[in-house]
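Peer 1: Dropping in entry.txt, which is compact mmCIF, C-alpha atoms and all ligand atoms:
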```
# COMPACT_ATOMS: atom_id res chain seq x y z
CA MET Z 280 0.00 0.00 0.00
CA SER Z 281 1.33 3.47 -0.86
CA ASN Z 282 0.11 6.90 -1.80
CA ILE Z 283 1.51 8.53 -4.98
CA ILE Z 284 0.74 12.14 -5.90
CA THR Z 285 2.07 14.21 -8.82
CA MET Z 286 1.59 17.96 -9.03
CA ILE Z 287 2.88 20.86 -11.11
CA ALA Z 288 3.44 24.40 -9.83
CA PRO Z 289 4.12 27.60 -11.75
CA VAL Z 290 6.83 30.20 -11.44
CA ASN Z 291 5.94 33.59 -9.98
CA ILE Z 292 7.86 36.77 -10.72
CA ALA Z 293 7.68 39.56 -8.15
CA VAL Z 294 6.75 43.09 -9.13
CA ILE Z 295 7.42 44.30 -5.58
CA LYS Z 296 10.45 42.33 -4.45
CA TYR Z 297 10.85 40.38 -1.24
CA TRP Z 298 14.38 41.11 -0.03
CA GLY Z 299 15.35 40.73 3.63
CA LYS Z 300 14.16 38.53 6.49
CA ARG Z 301 13.06 39.30 10.04
CA ASN Z 302 13.44 35.60 10.95
CA GLU Z 303 15.88 33.39 9.05
CA GLU Z 304 14.59 30.04 10.27
CA LEU Z 305 10.86 30.64 9.78
CA ILE Z 306 11.60 32.65 6.62
CA LEU Z 307 9.64 35.72 7.66
CA PRO Z 308 10.16 38.76 5.44
CA LEU Z 309 10.74 42.37 6.40
CA ASN Z 310 8.36 43.64 3.73
CA ASP Z 311 5.21 42.65 1.87
CA SER Z 312 5.76 41.59 -1.74
CA VAL Z 313 3.52 41.27 -4.79
CA SER Z 314 3.93 38.91 -7.73
CA VAL Z 315 2.37 37.60 -10.90
CA THR Z 316 2.11 33.85 -11.29
CA LEU Z 317 2.99 32.71 -14.81
CA ASN Z 318 1.14 30.11 -16.76
CA ALA Z 319 2.36 26.66 -15.73
CA ASN Z 320 2.37 25.36 -19.31
CA VAL Z 321 5.81 26.68 -20.15
CA MET Z 322 7.76 27.18 -16.93
CA CYS Z 323 6.91 24.93 -14.05
CA ALA Z 324 8.14 22.47 -11.48
CA LYS Z 325 6.76 18.95 -11.42
CA THR Z 326 6.93 16.86 -8.28
CA THR Z 327 5.91 13.32 -7.45
CA VAL Z 328 5.73 12.20 -3.84
CA CYS Z 329 5.21 8.67 -2.70
CA VAL Z 330 4.56 7.74 0.93
CA SER Z 331 5.02 4.05 1.64
CA PRO Z 332 5.54 1.63 4.55
CA ASN Z 333 8.11 -0.16 2.33
CA PHE Z 334 10.62 2.74 2.25
CA LEU Z 335 13.47 2.64 4.76
CA GLU Z 336 14.49 6.30 4.47
CA ASP Z 337 13.12 9.65 3.28
CA GLU Z 338 14.78 10.29 -0.10
CA ILE Z 339 14.75 13.03 -2.73
CA TRP Z 340 15.79 13.36 -6.39
CA LEU Z 341 16.11 16.81 -7.98
CA ASN Z 342 16.27 17.00 -11.76
CA GLY Z 343 17.30 13.34 -11.87
CA ALA Z 344 20.11 13.53 -9.30
CA LYS Z 345 19.78 12.12 -5.80
CA GLU Z 346 20.20 14.84 -3.17
CA SER Z 347 20.68 14.71 0.56
CA PHE Z 348 17.51 14.83 2.64
CA THR Z 349 19.38 16.63 5.41
CA ASN Z 350 18.51 20.04 3.90
CA GLN Z 351 16.98 21.92 6.85
CA ARG Z 352 14.33 23.72 4.81
CA LEU Z 353 13.11 20.48 3.29
CA GLN Z 354 12.96 18.89 6.71
CA ASN Z 355 11.05 21.86 8.11
CA CYS Z 356 8.42 21.55 5.36
CA LEU Z 357 7.92 17.83 5.96
CA LYS Z 358 7.81 18.33 9.73
CA GLU Z 359 5.14 21.04 9.40
CA ILE Z 360 3.08 18.90 7.00
CA LYS Z 361 3.15 16.00 9.46
CA SER Z 362 2.28 18.13 12.47
CA ARG Z 363 -0.65 19.72 10.58
CA ALA Z 364 -1.82 16.24 9.54
CA ALA Z 365 -1.69 15.18 13.19
CA VAL Z 366 -3.70 18.24 14.32
CA GLU Z 367 -6.18 18.02 11.45
CA ARG Z 368 -6.40 14.24 11.91
CA SER Z 369 -6.44 13.99 8.14
CA VAL Z 370 -4.61 10.63 7.92
CA ASP Z 371 -4.13 7.63 10.22
CA ASP Z 372 -1.31 7.97 12.77
CA ILE Z 373 0.54 5.03 11.18
CA PHE Z 374 0.76 6.98 7.89
CA LEU Z 375 2.83 9.63 9.69
CA THR Z 376 5.54 7.07 10.45
CA TRP Z 377 5.95 5.97 6.83
CA LYS Z 378 8.87 7.35 4.80
CA VAL Z 379 8.49 9.56 1.75
CA HIS Z 380 10.25 9.54 -1.63
CA ILE Z 381 10.21 12.81 -3.58
CA CYS Z 382 11.11 13.33 -7.21
CA SER Z 383 11.14 16.90 -8.51
CA GLU Z 384 12.14 18.54 -11.76
CA ASN Z 385 12.07 21.99 -13.36
CA ASN Z 386 11.75 22.59 -17.07
CA PHE Z 387 13.90 25.75 -16.90
CA PRO Z 388 17.35 26.71 -15.52
CA THR Z 389 17.71 26.10 -11.80
CA ALA Z 390 19.04 28.88 -9.55
CA ALA Z 391 19.66 31.30 -12.43
CA GLY Z 392 17.33 33.88 -10.94
CA LEU Z 393 14.27 32.33 -12.55
CA ALA Z 394 12.35 31.58 -9.39
CA SER Z 395 13.10 27.87 -9.58
CA SER Z 396 13.03 27.46 -5.79
CA ALA Z 397 9.66 29.21 -5.68
CA ALA Z 398 8.05 26.79 -8.11
CA GLY Z 399 9.99 23.85 -6.65
CA TYR Z 400 8.94 24.31 -3.03
CA ALA Z 401 5.39 25.34 -3.92
CA CYS Z 402 5.09 22.13 -5.88
CA LEU Z 403 6.72 19.93 -3.26
CA VAL Z 404 4.55 21.30 -0.47
CA SER Z 405 1.34 21.14 -2.54
CA ALA Z 406 2.07 17.49 -3.39
CA LEU Z 407 2.87 16.64 0.23
CA ALA Z 408 -0.25 18.50 1.41
CA LYS Z 409 -2.34 16.44 -0.97
CA ALA Z 410 -0.69 13.18 0.10
CA TYR Z 411 -1.29 14.02 3.79
CA LYS Z 412 -4.76 15.48 3.03
CA ILE Z 413 -3.99 18.89 4.61
CA LYS Z 414 -6.93 21.29 4.42
CA SER Z 415 -5.39 24.45 5.97
CA ASP Z 416 -3.43 27.18 4.13
CA VAL Z 417 -0.34 25.67 2.47
CA SER Z 418 1.32 28.96 1.49
CA SER Z 419 2.78 29.25 5.00
CA ILE Z 420 4.28 25.75 4.65
CA ALA Z 421 5.74 26.54 1.20
CA ARG Z 422 7.25 29.66 2.80
CA LEU Z 423 9.33 27.43 5.08
CA GLY Z 424 11.02 26.02 1.96
CA SER Z 425 11.69 29.31 0.21
CA GLY Z 426 10.00 32.63 0.94
CA SER Z 427 8.92 33.38 -2.60
CA ALA Z 428 7.41 29.87 -2.90
CA CYS Z 429 4.40 30.91 -0.82
CA ARG Z 430 3.25 33.13 -3.70
CA SER Z 431 3.38 30.29 -6.28
CA VAL Z 432 0.66 28.47 -4.40
CA TYR Z 433 -1.86 30.81 -6.03
CA GLY Z 434 -2.43 31.83 -9.64
CA GLY Z 435 -2.95 35.35 -10.96
CA PHE Z 436 -1.80 38.31 -8.85
CA VAL Z 437 -0.61 37.53 -5.35
CA ARG Z 438 0.41 39.50 -2.26
CA TRP Z 439 2.58 37.97 0.45
CA HIS Z 440 1.80 39.73 3.72
CA ALA Z 441 4.96 40.04 5.79
CA GLY Z 442 2.91 39.78 8.98
CA VAL Z 443 3.99 40.92 12.44
CA GLU Z 444 3.61 37.78 14.58
CA SER Z 445 6.84 36.18 15.76
CA ASP Z 446 5.57 32.67 14.98
CA GLY Z 447 4.81 33.67 11.37
CA SER Z 448 1.13 32.78 11.64
CA ASP Z 449 0.11 35.93 9.74
CA SER Z 450 2.87 35.73 7.12
CA ILE Z 451 0.80 34.25 4.32
CA ALA Z 452 0.14 34.73 0.63
CA VAL Z 453 -3.24 35.98 -0.54
CA GLN Z 454 -4.59 36.23 -4.08
CA ILE Z 455 -5.30 39.82 -5.15
CA ALA Z 456 -7.02 38.81 -8.39
CA ASN Z 457 -7.16 35.66 -10.46
CA LYS Z 458 -5.67 35.47 -13.94
CA SER Z 459 -8.99 35.94 -15.74
CA HIS Z 460 -9.28 39.37 -14.09
CA TRP Z 461 -6.66 40.74 -16.52
CA PRO Z 462 -6.53 38.30 -19.43
CA GLU Z 463 -4.54 40.65 -21.69
CA MET Z 464 -1.57 40.63 -19.31
CA SER Z 465 1.40 38.76 -20.79
CA ALA Z 466 4.94 38.00 -19.72
CA LEU Z 467 8.06 37.48 -21.78
CA ILE Z 468 11.03 35.81 -20.15
CA LEU Z 469 14.34 36.75 -21.74
CA VAL Z 470 16.94 34.21 -20.73
CA VAL Z 471 20.17 36.16 -20.63
CA GLY Z 472 22.17 33.46 -18.88
CA ASP Z 473 21.35 30.10 -17.41
CA THR Z 474 24.33 29.62 -15.13
CA GLN Z 475 23.91 29.46 -11.35
CA LYS Z 476 23.89 32.85 -9.65
CA LYS Z 477 27.09 33.96 -7.91
CA ILE Z 478 25.39 34.56 -4.58
CA SER Z 479 22.10 32.93 -3.62
CA SER Z 480 19.06 35.08 -2.82
CA SER Z 481 19.20 33.93 0.80
CA LYS Z 482 22.83 34.98 1.26
CA GLY Z 483 22.38 38.13 -0.82
CA MET Z 484 19.42 39.43 1.19
CA LYS Z 485 21.19 38.69 4.48
CA LEU Z 486 24.16 40.74 3.33
CA SER Z 487 21.87 43.60 2.28
CA VAL Z 488 20.07 43.62 5.67
CA GLU Z 489 23.42 43.69 7.47
CA THR Z 490 25.29 46.20 5.33
CA SER Z 491 23.08 48.34 3.08
CA ASP Z 492 22.21 51.82 4.37
CA LEU Z 493 19.53 52.15 1.73
CA PHE Z 494 17.81 48.95 2.83
CA GLN Z 495 15.89 50.38 5.81
CA PHE Z 496 14.81 53.35 3.74
CA ARG Z 497 13.33 51.01 1.14
CA VAL Z 498 11.48 48.87 3.67
CA GLN Z 499 10.07 51.76 5.70
CA ASN Z 500 9.54 54.54 3.17
CA CYS Z 501 9.01 52.96 -0.23
CA VAL Z 502 7.59 49.45 -0.16
CA PRO Z 503 4.40 50.03 1.90
CA LYS Z 504 3.22 52.80 -0.45
CA ARG Z 505 4.21 50.87 -3.57
CA VAL Z 506 2.39 47.73 -2.43
CA GLU Z 507 -0.85 49.65 -1.92
CA GLU Z 508 -0.47 51.44 -5.25
CA ILE Z 509 0.30 48.34 -7.29
CA CYS Z 510 -2.56 46.39 -5.70
CA LYS Z 511 -4.86 49.23 -6.74
CA ALA Z 512 -3.31 49.28 -10.24
CA ILE Z 513 -4.01 45.55 -10.52
CA THR Z 514 -7.62 45.78 -9.35
CA THR Z 515 -8.32 48.74 -11.67
CA LYS Z 516 -6.22 47.27 -14.53
CA ASP Z 517 -4.11 50.42 -14.73
CA PHE Z 518 -1.18 49.12 -16.82
CA VAL Z 519 0.78 52.38 -16.83
CA LYS Z 520 0.87 52.55 -13.03
CA PHE Z 521 1.54 48.81 -12.74
CA ALA Z 522 4.47 49.06 -15.17
CA GLU Z 523 6.00 52.17 -13.61
CA ILE Z 524 5.99 50.70 -10.09
CA THR Z 525 7.31 47.36 -11.34
CA MET Z 526 10.32 48.94 -13.06
CA LYS Z 527 11.07 51.29 -10.16
CA ASP Z 528 10.96 48.48 -7.66
CA SER Z 529 13.26 46.27 -9.73
CA ASN Z 530 15.72 49.13 -10.07
CA GLN Z 531 15.59 49.87 -6.35
CA PHE Z 532 16.15 46.23 -5.46
CA HIS Z 533 19.29 46.13 -7.64
CA ALA Z 534 20.42 49.46 -6.18
CA ILE Z 535 20.18 47.87 -2.70
CA CYS Z 536 22.28 44.97 -4.00
CA LEU Z 537 24.90 47.42 -5.18
CA ASP Z 538 24.72 49.26 -1.86
CA SER Z 539 25.48 46.01 -0.01
CA TYR Z 540 29.04 45.51 1.08
CA PRO Z 541 30.71 43.89 -0.74
CA PRO Z 542 28.36 44.81 -3.58
CA ILE Z 543 26.19 42.19 -5.22
CA THR Z 544 25.70 42.34 -8.97
CA TYR Z 545 23.09 40.11 -10.54
CA MET Z 546 22.53 42.00 -13.79
CA THR Z 547 24.90 41.96 -16.75
CA ASP Z 548 25.57 44.38 -19.62
CA THR Z 549 22.86 42.58 -21.59
CA SER Z 550 20.37 43.15 -18.77
CA TYR Z 551 21.14 46.88 -18.87
CA LYS Z 552 20.78 46.86 -22.65
CA ILE Z 553 17.30 45.41 -22.21
CA ILE Z 554 16.41 48.18 -19.73
CA GLU Z 555 17.63 50.79 -22.21
CA MET Z 556 15.61 49.19 -25.00
CA ILE Z 557 12.41 49.23 -22.93
CA HIS Z 558 12.77 52.86 -21.87
CA LYS Z 559 13.45 53.93 -25.46
CA TYR Z 560 10.38 52.00 -26.62
CA ASN Z 561 8.20 53.51 -23.90
CA ASN Z 562 9.48 57.00 -24.65
CA ILE Z 563 8.34 56.92 -28.28
CA HIS Z 564 4.81 56.14 -27.12
CA PRO Z 565 2.48 58.54 -25.28
CA LYS Z 566 1.98 55.94 -22.54
CA ILE Z 567 4.17 53.21 -21.00
CA LYS Z 568 3.71 50.01 -23.00
CA ILE Z 569 6.03 47.56 -21.34
CA ALA Z 570 7.71 46.90 -17.98
CA TYR Z 571 10.84 44.96 -17.04
CA THR Z 572 11.78 43.33 -13.81
CA PHE Z 573 14.90 41.40 -12.80
CA ASP Z 574 15.20 38.97 -9.89
CA ALA Z 575 18.50 37.75 -8.45
CA GLY Z 576 19.98 37.04 -11.86
CA PRO Z 577 20.51 38.61 -15.29
CA ASN Z 578 17.29 37.35 -16.89
CA ALA Z 579 14.51 39.78 -17.68
CA CYS Z 580 10.82 39.31 -17.16
CA LEU Z 581 8.83 41.72 -19.31
CA TYR Z 582 5.21 42.46 -18.51
CA LEU Z 583 3.09 43.82 -21.35
CA LEU Z 584 -0.40 43.64 -22.73
CA GLU Z 585 -0.93 40.97 -25.36
CA GLU Z 586 -1.41 43.38 -28.27
CA GLU Z 587 2.19 44.58 -27.78
CA VAL Z 588 3.77 41.11 -27.90
CA PRO Z 589 4.42 40.82 -31.68
CA LYS Z 590 5.91 44.33 -31.79
CA ILE Z 591 8.20 43.68 -28.84
CA LEU Z 592 9.29 40.31 -30.18
CA SER Z 593 10.40 41.85 -33.46
CA LEU Z 594 12.13 44.71 -31.62
CA ILE Z 595 14.03 42.21 -29.46
CA GLN Z 596 15.09 40.22 -32.49
CA HIS Z 597 16.24 43.41 -34.17
CA ILE Z 598 18.27 44.66 -31.20
CA PHE Z 599 19.58 41.26 -30.12
CA PRO Z 600 19.92 39.16 -33.27
CA THR Z 601 20.57 35.61 -32.08
CA SER Z 602 23.66 35.49 -34.27
CA THR Z 603 25.59 37.97 -32.10
CA PRO Z 604 28.15 36.48 -29.70
CA ASP Z 605 26.23 38.09 -26.89
CA LYS Z 606 23.31 35.72 -27.23
CA PHE Z 607 20.76 36.38 -24.60
CA ILE Z 608 18.55 33.50 -25.35
CA THR Z 609 20.57 30.65 -23.98
CA GLY Z 610 19.09 27.26 -24.32
CA LEU Z 611 15.53 28.45 -24.03
CA PRO Z 612 13.49 30.35 -26.56
CA ILE Z 613 11.87 33.56 -25.45
CA GLN Z 614 9.03 32.35 -23.33
CA HIS Z 615 5.82 34.07 -24.19
CA GLU Z 616 3.19 33.34 -21.67
CA LYS Z 617 -0.30 34.49 -21.21
CA ILE Z 618 -0.44 34.50 -17.47
C1 LIG Z 701 14.80 38.50 -5.76
O1 LIG Z 701 12.53 33.21 -2.05
O2 LIG Z 701 14.65 32.66 -3.27
O3 LIG Z 701 13.39 36.65 -6.29
O4 LIG Z 701 13.37 32.84 1.08
O5 LIG Z 701 15.84 32.74 1.15
O6 LIG Z 701 14.58 31.10 -0.25
P1 LIG Z 701 14.62 32.51 0.34
O7 LIG Z 701 14.74 33.50 -0.90
P2 LIG Z 701 13.96 33.51 -2.26
O8 LIG Z 701 14.14 35.04 -2.65
C2 LIG Z 701 13.54 35.60 -3.78
C3 LIG Z 701 14.07 36.95 -4.00
C4 LIG Z 701 13.66 37.61 -5.28
C5 LIG Z 701 12.47 38.53 -5.08
C6 LIG Z 701 11.11 37.88 -4.96
O9 LIG Z 701 10.86 36.81 -5.56
O10 LIG Z 701 10.25 38.49 -4.31
```
Would you mind giving the structure from this file in structure tokens?
Ligand code: DP6
Peer 2:
Amino acid sequence: MSNIITMIAPVNIAVIKYWGKRNEELILPLNDSVSVTLNANVMCAKTTVCVSPNFLEDEIWLNGAKESFTNQRLQNCLKEIKSRAAVERSVDDIFLTWKVHICSENNFPTAAGLASSAAGYACLVSALAKAYKIKSDVSSIARLGSGSACRSVYGGFVRWHAGVESDGSDSIAVQIANKSHWPEMSALILVVGDTQKKISSSKGMKLSVETSDLFQFRVQNCVPKRVEEICKAITTKDFVKFAEITMKDSNQFHAICLDSYPPITYMTDTSYKIIEMIHKYNNIHPKIKIAYTFDAGPNACLYLLEEEVPKILSLIQHIFPTSTPDKFITGLPIQHEKI
């Protein structure tokens, strides 16, 4: 007898960035963040979990390679799932003593600043929650794996409330609007590089909290206002406002990285060339048509309305012909997704 569950989970790309923790172990952020969940058809994580009395150990395979199960974050997720199952009495007690095998894969570069841990942990936790028949909110369990993962539990537009409680009970993700609310919204992922980032998000944000003078200013004076404004822009479908805040927040996040000591640089010359291209394009139009945002890596996520997609695709191909040595589409085609 065993219980096998397979799930897929999408990537989410923040428009107001989460950067900095108030509690490292519980993964509690210092600021609210807002993201858009992409369509799972193109970029997603896929996880199968199997709980069986025949297994001797908990084991995990990531993208085909066996990994150690000693990873603390992984253990914390499994522990929380089991304690919720015990409280909710969703499965028999004997089930909680069985071992679990987990097999997870991404169909896009891992740890290249493409939110792979977000999709990965959201998927893992959703699959475990289904196997253990958990009914309560799973975003707070996904958060224990990787902060940004809590937002991938929902589709559409999502806000992760930082919360104030020390046990993290109010640090949860909430859907602002589902994807059918703004069906014209599209995302283009420009894969500039698919190598692992030099410094992980976890280490990078810790360094920023400890050393950046601009960091506190961002958290106290900028993010709260931006979060309210972008939530309003989403509910009223105000693309110009949405795009302006998205770009400003991405730029501020990378400015904080540069203000960290030693400085952290995630973007490359090609990333800056993309920024320049977008501003030039926006400037020749009466209204902003397209927004960029960069996570902890050189790859761009462009948000735009669907009618702009063909124009932007031909502009990109004109400015970055794939034949140049500075190819920015490495391994993956440009991913066009209707969210
Ligand atoms: C720049 O969620 O990867 O993508 O919680 O330490 O696992 P940990 O960090 P992670 O950080 C994501 C940072 C970001 C911004 C964002 O997604 O909000």
Peer 1: Counting only C-alpha atoms, which residue out of Z:Ser593, Z:Gly435, Z:Ser445, Z:Val290 sits closest to Ser459 of chain Z?
Peer 2: Z:Gly435
Peer 1: Which residues are close to segment 332-340 of chain Z, i.e. within 8 Å by only C-alpha atoms, leaving aside same-chain residues fewer than 3 positions away? Reply as a PyMOL selection string.
Peer 2: chain Z and resi 280-281+343-348+374+377-383
Peer 1: Neighbours of Ile292 of chain Z within 9 Å (only C-alpha atoms; same-chain residues fewer than 2 positions away dropped), as a ChimeraX atom specification?
Peer 2: /Z:290,294,296,313-317,393-394,427,572-574,580
Peer 1: Quick one: everything within 8 Å of segment 361-363 of chain Z, counting all atoms listed in the file, minus sequence neighbours fewer than 2 positions away in the same chain. Send it as a ChimeraX atom specification.
Peer 2: /Z:357-359,365-367,375,411,413
Peer 1: What separation in Å, quoted to one decimal, exists between atom CA of Ser479 of chain Z and atom CA of Val443 of chain Z?
Peer 2: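 Those two atoms sit 25.5 Å apart.
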Peer 1: Could you jot down the atom CA of Asn386 of chain Z to atom CA of Met556 of chain Z separation for me, Å, one decimal place?
Peer 2: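 Between these atoms lies a distance of 28.0 Å.
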